[in-house]
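Asks: Before I ask anything, let me first share the structure, which is written out below as structure tokens.
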Protein chains: 6
Amino acid sequence: MNNKKIAVFAGTFDPITTGHEDILIRALPLFDKIIIAIGVNIEKKTMFPLDKRIKWIKDTFAKEDKIEVDTYSCLLVDYCKEKNAKYILRGIRNNKDFEYEENIAQINKELNKEIETIFFLTNKEYSSISSSAIREIVSFKGDVKKFIPKQVNLL
Amino acid sequence: MNNKKIAVFAGTFDPITTGHEDILIRALPLFDKIIIAIGVNIEKKTMFPLDKRIKWIKDTFAKEDKIEVDTYSCLLVDYCKEKNAKYILRGIRNNKDFEYEENIAQINKELNKEIETIFFLTNKEYSSISSSAIREIVSFKGDVKKFIPKQVNLL
Amino acid sequence: MNNKKIAVFAGTFDPITTGHEDILIRALPLFDKIIIAIGVNIEKKTMFPLDKRIKWIKDTFAKEDKIEVDTYSCLLVDYCKEKNAKYILRGIRNNKDFEYEENIAQINKELNKEIETIFFLTNKEYSSISSSAIREIVSFKGDVKKFIPKQVNLL
Amino acid sequence: MNNKKIAVFAGTFDPITTGHEDILIRALPLFDKIIIAIGVNIEKKTMFPLDKRIKWIKDTFAKEDKIEVDTYSCLLVDYCKEKNAKYILRGIRNNKDFEYEENIAQINKELNKEIETIFFLTNKEYSSISSSAIREIVSFKGDVKKFIPKQVNLL
Amino acid sequence: MNNKKIAVFAGTFDPITTGHEDILIRALPLFDKIIIAIGVNIEKKTMFPLDKRIKWIKDTFAKEDKIEVDTYSCLLVDYCKEKNAKYILRGIRNNKDFEYEENIAQINKELNKEIETIFFLTNKEYSSISSSAIREIVSFKGDVKKFIPKQVNLL
Amino acid sequence: MNNKKIAVFAGTFDPITTGHEDILIRALPLFDKIIIAIGVNIEKKTMFPLDKRIKWIKDTFAKEDKIEVDTYSCLLVDYCKEKNAKYILRGIRNNKDFEYEENIAQINKELNKEIETIFFLTNKEYSSISSSAIREIVSFKGDVKKFIPKQVNLL
């Protein structure tokens, strides 16, 4: 049981994007379980409420038994330890993401050296979009359908 | 009339800098018209009021018939379409700008593939300054005369 | 006649890629003429002979009256001047390209400040490939058809 | 007296990190005096009060005669001039820091060309941490002891 | 049998470094087998002969049953397919590595979309060294012991 | 005598550029002596012979008592130790330089932790040029006068 390969894919998912979906689907075969962990931080305002963000993730991966959805509000490495997850899964879209992720991964390594961060590159067709870009487009009444999983309806 | 080469140069211009001026003057021969479009966003606080920002741009380019000043408050690609502008003009000062601009340009491409983003490099003598740096210097009572077009008087 | 907007798109084109093709097609409406200029440098070994490289470019743009093919073996800014071209057209695929191109563009500016370098971003679907990658794949007998214009037959 | 080599090491130090300590200790032999200058900006909220931040720095460098602690609330180059400091000392942890620091250094050069910015690279063992990362870990009740000088007790 | 998680870790290993060793040891629990594949290219000169490079790798991982050593001289994705390996394992030391690796990974994706590239960050203590740096130090008679696995003796 | 602040500024200087000159002049007040050390490597072909490269440096700094010119053909940190130099002086022109320099500095730190690398940013007016760019321009008969110190005559 200890040997189960469990990964945590953390984020705010405000909302989930096709980029998130792409990384998860591609990483899934490598793990026995991936926990999508929504960081809950009272001070950080989101555009979409937590229950909707959870529902959209659940809808997106309804058919994937190995994917779970959860929330956390502590240090990510502490959450991983609690869940017996040895891996943090991250997607990287570009250079700027890499610079950010590299720093976070190194700090996590210093906080708990047992936990490894694994990186996948977002496929090019999904690499420009981000949750924040989607929120901006939504705020201007733009159409974001192509940027979110087809199971998600933001309205 | 459809064949007119119209570019949009969008920003907050809080305030206009010599860097903006440099890009516009150099790009002007390539286009029949460049619209300087000030993004108006109620939530985004600016240091200088809209009317002053418009006036400073108009003063800077008073002699340039091909430059117009306007405001917009929608998705930039939608504004371009409305104005029959096929080009978004952007200046790049450095690597960090590039990473940001590349992402925006790719999203704009996905939103409307008819509109092309064209990049000029800011000439070195103007490449360190930005509107935000000017605002910071102003807030400390520093002298910013060399960073803004000579037609502009911030006081 | 002086006012004609002429751009030079320089390279080795060993061989031409879909990335080159993409930039040229998208940039064409902005100019009255684009000269594809193959840098000829005796010391630089190429995989494909000059006559083939020229033929492939000509085949690719057979229907584009505004595109010319030529060779040059001097400083690019001197070639531009000779051709009365005020613009150097460059495609940028990623951050690494940008760092390289920025440096070249600044040097060209110092050599001749009359000539502007204009940048387009390579569309994502063509942004991973380069002539050197194609050569490597060819050397391993891999299939490069999807990376070169459909008018080109490397065999 | 004018020939004294004085450097200013400016920041918010909210709180001081082992990274700051590392740069200062390594740079000290090069200068006759280093002033650690805490930028005081009423609008910028800090996690730790000014008096504590000062005390922690003083405790860290209690044995270093050549290090002084001070506060400032003006343009950094003006503060340097007032203190007769010809050098701004900066640590760089990574690429992202460099991009930021390069821009600031160039602006400072334009504001006062007499003042030079000198860069040291943070040693690798201290290069992931930052004051903001420490604050985030603290906010989640994580242990930051290894990231701050041993003379500092955040509690 | 098809479901075995096999990764290929390709390189020239001229010579193997502590950085390579670090990535392999950390990635090993995630896979059922990792094949260390030495690219053999007649045109590329190496400092150390192939048999020594193989021996050093074998010595380094003598106790790891899940690690195999092999050579290949074709496209990496074709080699992976032949070996039934669905994963390419890569270590990233810094930004520059990332830019290079991102490009290769995208091309590999276009050549064979079944094969995923997985990235680990080299731990900081091993992140400055590379085989090429080791070769340079060796050429100047410097001591490289700390940069290579302890089972390796370059003499 | 041990306390003398000696820096080494190493390179190939093929040829010396205004960028080199700029860094040296600005760094000079910080040190008691700067040794310009030309790396001599039989395998590396240069455009200009060693005696000319030395002469040009000497001519450029004829009036600077604190600058010496020398050659070396060993590890740079070993040369520094031999010369009792505690500092390696480096100029950085841009991001790409930084990535390269950061790596070298970290390796040097591992080879000899007593020696510090100090970085200056090249001033913007000299930041595009490099020795290799000068050589390319020279090879095309271009004029490089503005890129080299006025005391240097390449002919």
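Identifiers for the structure tokens are assigned positionally: chains receive A, B, ... in sequence, residues are indexed from 1 per chain, and ligands are indexed from 1 in the order shown.
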Using only C-alpha atoms, select each residue of chain F with any atom at most 10 Å away from an atom of chain C, and give the selection as number ranges by chain.
Replies: F: 93-97, 125, 127-130, 133-134, 136-144, 146-147
Asks: Where does DSSP see strand (DSSP E or B) in range 81-148 of chain D, if you list the residues as a PyMOL selection string?
Replies: chain D and resi 87-92+116-121
Asks: Could you check how far CA of Lys150 in chain C sits from CA of Asp70 in chain C, in Å to one decimal?
Replies: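 Here the two named atoms are 21.3 Å from each other.
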Asks: Mind checking which residues fall within 7 Å of range 39-48 of chain E, counting only C-alpha atoms, ignoring those fewer than 3 positions away in the same chain, and posting them as a list in words?
Replies: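 Within the cut-off, the hits are Ala10, Gly11, Thr12, Asp14, Lys52, Arg53, Thr71, Tyr72 and Ser73 of chain E.
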Asks: Closest to Thr18 in chain E among E:Asn84, E:Asn112, E:Gln151, E:Asn3, using only C-alpha atoms?
Replies: E:Gln151
Asks: What gap, in Å, lies between CA of Arg26 in chain B and CA of Ile35 in chain C?
Replies: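 Separation between CA of Arg26 in chain B and CA of Ile35 in chain C: 21.0 Å.
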Asks: If we count only C-alpha atoms and set the cut-off at 9 Å, which residues sit around Val152 in chain F, ignoring sequence neighbours fewer than 4 positions away in its own chain? Please answer as a short mmCIF file (atom, residue, chain, number, x, y, z; two decimals) with N, CA and C atoms, in the first residue's frame.
Replies:
```cif
data_model
loop_
_atom_site.label_atom_id
_atom_site.label_comp_id
_atom_site.auth_asym_id
_atom_site.auth_seq_id
_atom_site.Cartn_x
_atom_site.Cartn_y
_atom_site.Cartn_z
N ILE F 16 39.49 43.09 -28.35
CA ILE F 16 38.88 43.86 -27.26
C ILE F 16 37.78 44.75 -27.84
N LYS F 55 48.72 43.87 -27.54
CA LYS F 55 49.06 45.27 -27.83
C LYS F 55 47.82 46.16 -27.76
N TRP F 56 46.72 45.71 -28.34
CA TRP F 56 45.51 46.52 -28.35
C TRP F 56 45.02 46.79 -26.91
N ILE F 57 45.10 45.77 -26.08
CA ILE F 57 44.68 45.97 -24.68
C ILE F 57 45.62 46.96 -24.00
N ASP F 59 47.43 49.28 -25.36
CA ASP F 59 47.19 50.62 -25.88
C ASP F 59 45.94 51.23 -25.24
N THR F 60 44.93 50.42 -25.12
CA THR F 60 43.66 50.93 -24.60
C THR F 60 43.81 51.45 -23.17
N LYS F 145 34.72 50.41 -36.29
CA LYS F 145 35.39 51.42 -35.48
C LYS F 145 34.60 51.77 -34.20
N ILE F 148 35.07 49.23 -31.10
CA ILE F 148 36.35 48.94 -30.45
C ILE F 148 36.93 50.21 -29.85
#
```
Asks: May I ask which of the residues E:Asp51, E:Glu101, E:Glu82, E:Asp32 is the closest one to Glu68 in chain E, counting only C-alpha atoms?
Replies: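 Among the listed residues, the smallest separation from Glu68 in chain E belongs to E:Asp32.
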Asks: Between CA of Ala27 in chain B and CA of Val69 in chain B, what is the distance in Å, rounded to a tenth?
Replies: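 About the pair CA of Ala27 in chain B and CA of Val69 in chain B: they are 15.7 Å apart.
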